[in-house]
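Chemist: Dropping the structure in here first, questions after.
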Amino acid sequence: MDAVTGFDSVGAAYAAHSDSARGRLRHDLVERWLLGELPATPVRILDVGCGNGEMTLRLAAAGHQVTGADPSATMLAAAADRLAARPELTDRIRLVNAGFESLPLDGEPFDAVCCHGVLMYLDHPGKAVARLAGLVAPGGLLSILAKNRRPIGVREAFVGDSETARRLIVSGADRSVRNLGRETRGDDPDALDRLTAEQGLSPQPWQGVRIFHDHFDHTWAPDPAAYAAALELEWAASSRSPYRDMGHLVHTWGRRPERSRS
């Protein structure tokens with residue numbers, strides 16, 4: 001299986017992006033969706049590739065028991081520092097230095113498995129999706145946030161780099177260089193749904209993430225009212241085609257059927 005490496009050197013850049021308005025749009029949209037699908041009572045969640053712990057902390061703050069796993073010691077240390085500043089969440093979070101090769105952890109399935117912003121760094125997502133799906137308990141869900149292959153080249157066009165945009169679009173490229181200066185690979189949502197279905201999960205309607213604001217850079221700093229309006233616009237479009245097809249990120253998910261009762 002592909003290994004996700006090299007993040008020790010981009011931790012600061014990722015943190016800055018995550019804290020920007022563009023980064024917050026991603027996190028706020030995904031958190032809203034997750035909390036709408038998860039039970040109101042606490043459940044066990046695995047956050048694979050948790051990075052600096054952004055979603056891990058958000059889900060724990062909602063009352064869930066969360067295991068955050070990441071292969072980068074630097075990223076995991078950043079998550080631990082953030083957790084130290086939130087002592088009320090300490091008993092709900094476990095941080096583990098682990099990548100796909102180290103999963104499963106304790107052998108117990110999880111009510112939800114999240115893998116956000118990771119598949120884009122793998123050449124072949126199939127084995128990773130299979131490993132993730134195998135950790136989902138009956139009735140549980142698998143949440144995957146990946147780079148959307150469909151609109152590759154659009155952001156380059158919007159920021160005025162017509163030459164690069166034309167090259168990406170004409171070639172049908174599945175890769176481009178993005179926020180952290182690394183080349184990343186895109187997945188088609190229908191292909192991700194097929195991978196999920198092959199593992200016995202039932203694919204559900206997917207969302208497009210950051211449709212209208214992806215071409216903004218880190219200097220975009222809307223006031224609270226403007227940010228709230230942007231968030232609601234993105235949320236309204238995220239589940240509707242053709243808008244969702246243009247999202248920089250695609251949020252696919254599937255649910256494992258409950259065990260039949262005999």
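Simple scheme: letters A, B, ... for chains in structure tokens order, numbers from 1 for residues in each chain, numbers from 1 for ligands in the order shown.
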When you look at region 102-113 of chain A with a cut-off of 7 Å (counting only C-alpha atoms), what residues show up, excluding the ones that are within fewer than 2 positions of it in the same chain? I need them as a PDB file with N, CA, C and O atoms, in the first residue's frame.

Modeler:
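The file below, out_30.pdb, is the result:
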```
ATOM      1  N   VAL A  43     -20.308   8.049  20.152  1.00  0.00           N
ATOM      2  CA  VAL A  43     -19.888   6.852  19.441  1.00  0.00           C
ATOM      3  C   VAL A  43     -18.366   6.865  19.298  1.00  0.00           C
ATOM      4  O   VAL A  43     -17.705   7.876  19.549  1.00  0.00           O
ATOM      5  N   ARG A  44     -17.810   5.726  18.877  1.00  0.00           N
ATOM      6  CA  ARG A  44     -16.367   5.603  18.664  1.00  0.00           C
ATOM      7  C   ARG A  44     -16.028   5.969  17.228  1.00  0.00           C
ATOM      8  O   ARG A  44     -16.585   5.407  16.286  1.00  0.00           O
ATOM      9  N   ILE A  45     -15.084   6.891  17.070  1.00  0.00           N
ATOM     10  CA  ILE A  45     -14.703   7.383  15.744  1.00  0.00           C
ATOM     11  C   ILE A  45     -13.199   7.236  15.572  1.00  0.00           C
ATOM     12  O   ILE A  45     -12.422   7.509  16.492  1.00  0.00           O
ATOM     13  N   LEU A  46     -12.795   6.827  14.373  1.00  0.00           N
ATOM     14  CA  LEU A  46     -11.391   6.790  13.995  1.00  0.00           C
ATOM     15  C   LEU A  46     -11.149   7.848  12.937  1.00  0.00           C
ATOM     16  O   LEU A  46     -11.804   7.853  11.901  1.00  0.00           O
ATOM     17  N   ASP A  47     -10.215   8.746  13.205  1.00  0.00           N
ATOM     18  CA  ASP A  47      -9.853   9.812  12.267  1.00  0.00           C
ATOM     19  C   ASP A  47      -8.472   9.489  11.704  1.00  0.00           C
ATOM     20  O   ASP A  47      -7.445   9.727  12.360  1.00  0.00           O
ATOM     21  N   ALA A  98       0.323   6.330  13.601  1.00  0.00           N
ATOM     22  CA  ALA A  98       0.042   5.176  12.746  1.00  0.00           C
ATOM     23  C   ALA A  98      -0.447   5.641  11.386  1.00  0.00           C
ATOM     24  O   ALA A  98      -1.153   6.646  11.265  1.00  0.00           O
ATOM     25  N   GLY A  99      -0.062   4.903  10.362  1.00  0.00           N
ATOM     26  CA  GLY A  99      -0.560   5.104   9.017  1.00  0.00           C
ATOM     27  C   GLY A  99      -1.388   3.907   8.593  1.00  0.00           C
ATOM     28  O   GLY A  99      -1.746   3.052   9.415  1.00  0.00           O
ATOM     29  N   PHE A 100      -1.699   3.825   7.297  1.00  0.00           N
ATOM     30  CA  PHE A 100      -2.521   2.714   6.814  1.00  0.00           C
ATOM     31  C   PHE A 100      -1.900   1.363   7.140  1.00  0.00           C
ATOM     32  O   PHE A 100      -2.607   0.405   7.451  1.00  0.00           O
ATOM     33  N   CYS A 115     -11.516   9.647   6.834  1.00  0.00           N
ATOM     34  CA  CYS A 115     -10.221   9.774   6.161  1.00  0.00           C
ATOM     35  C   CYS A 115     -10.324  10.992   5.254  1.00  0.00           C
ATOM     36  O   CYS A 115     -10.852  10.909   4.145  1.00  0.00           O
ATOM     37  N   LEU A 132      -9.801   0.915   5.255  1.00  0.00           N
ATOM     38  CA  LEU A 132     -10.690   1.777   6.030  1.00  0.00           C
ATOM     39  C   LEU A 132     -12.055   1.133   6.220  1.00  0.00           C
ATOM     40  O   LEU A 132     -12.605   1.122   7.326  1.00  0.00           O
ATOM     41  N   LEU A 135     -12.686  -1.410   8.934  1.00  0.00           N
ATOM     42  CA  LEU A 135     -12.724  -0.948  10.319  1.00  0.00           C
ATOM     43  C   LEU A 135     -14.087  -0.376  10.716  1.00  0.00           C
ATOM     44  O   LEU A 135     -14.258   0.088  11.835  1.00  0.00           O
ATOM     45  N   VAL A 136     -15.051  -0.401   9.784  1.00  0.00           N
ATOM     46  CA  VAL A 136     -16.373   0.166  10.043  1.00  0.00           C
ATOM     47  C   VAL A 136     -17.300  -0.899  10.615  1.00  0.00           C
ATOM     48  O   VAL A 136     -17.486  -1.971  10.021  1.00  0.00           O
ATOM     49  N   ALA A 137     -17.892  -0.608  11.746  1.00  0.00           N
ATOM     50  CA  ALA A 137     -18.809  -1.541  12.404  1.00  0.00           C
ATOM     51  C   ALA A 137     -20.141  -1.609  11.660  1.00  0.00           C
ATOM     52  O   ALA A 137     -20.493  -0.697  10.900  1.00  0.00           O
ATOM     53  N   GLY A 140     -22.275   1.422  10.854  1.00  0.00           N
ATOM     54  CA  GLY A 140     -21.377   2.574  10.898  1.00  0.00           C
ATOM     55  C   GLY A 140     -21.137   3.183   9.536  1.00  0.00           C
ATOM     56  O   GLY A 140     -21.593   2.673   8.506  1.00  0.00           O
ATOM     57  N   LEU A 141     -20.412   4.284   9.531  1.00  0.00           N
ATOM     58  CA  LEU A 141     -20.195   4.999   8.271  1.00  0.00           C
ATOM     59  C   LEU A 141     -18.706   5.209   8.013  1.00  0.00           C
ATOM     60  O   LEU A 141     -17.889   5.274   8.925  1.00  0.00           O
ATOM     61  N   LEU A 142     -18.386   5.308   6.726  1.00  0.00           N
ATOM     62  CA  LEU A 142     -17.051   5.634   6.249  1.00  0.00           C
ATOM     63  C   LEU A 142     -17.126   6.969   5.533  1.00  0.00           C
ATOM     64  O   LEU A 142     -17.879   7.129   4.573  1.00  0.00           O
ATOM     65  N   SER A 143     -16.371   7.944   6.017  1.00  0.00           N
ATOM     66  CA  SER A 143     -16.370   9.302   5.464  1.00  0.00           C
ATOM     67  C   SER A 143     -15.030   9.560   4.793  1.00  0.00           C
ATOM     68  O   SER A 143     -13.984   9.494   5.449  1.00  0.00           O
TER      69      SER A 143
END
```

Chemist: Please return as a ChimeraX atom specification: the residues of region 117-189 of chain A that backbone DSSP assigns to helix (DSSP H, G or I).

Modeler: /A:119-121,126-133,154-158,162-171,189

Chemist: Per residue of region 142-189 of chain A within 12 Å of region 19-33 of chain A, what are the shortest atom pair and its distance in Å to one decimal, counting only C-alpha atoms, with rows by chain and residue number, as CSV?

Modeler:
```
residue,atom,partner,partner_atom,distance
A:Ser143,CA,A:Val30,CA,9.5
A:Ile144,CA,A:Val30,CA,10.1
A:Leu145,CA,A:Val30,CA,8.5
A:Ala146,CA,A:Arg26,CA,11.5
A:Lys147,CA,A:Arg26,CA,11.9
A:Asn179,CA,A:Gly23,CA,10.3
```

Chemist: Which distance in Å separates CA of Val129 (chain A) and CA of Gly49 (chain A), to one decimal?

Modeler: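 Computed distance, CA of Val129 (chain A) to CA of Gly49 (chain A), equals 13.1 Å.
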
Chemist: What lies within 6 Å of region 150-164 of chain A using only C-alpha atoms, ignoring chain neighbours under 3 positions off, as an NGL selection string?

Modeler: :A and (167-169 or 215 or 246)
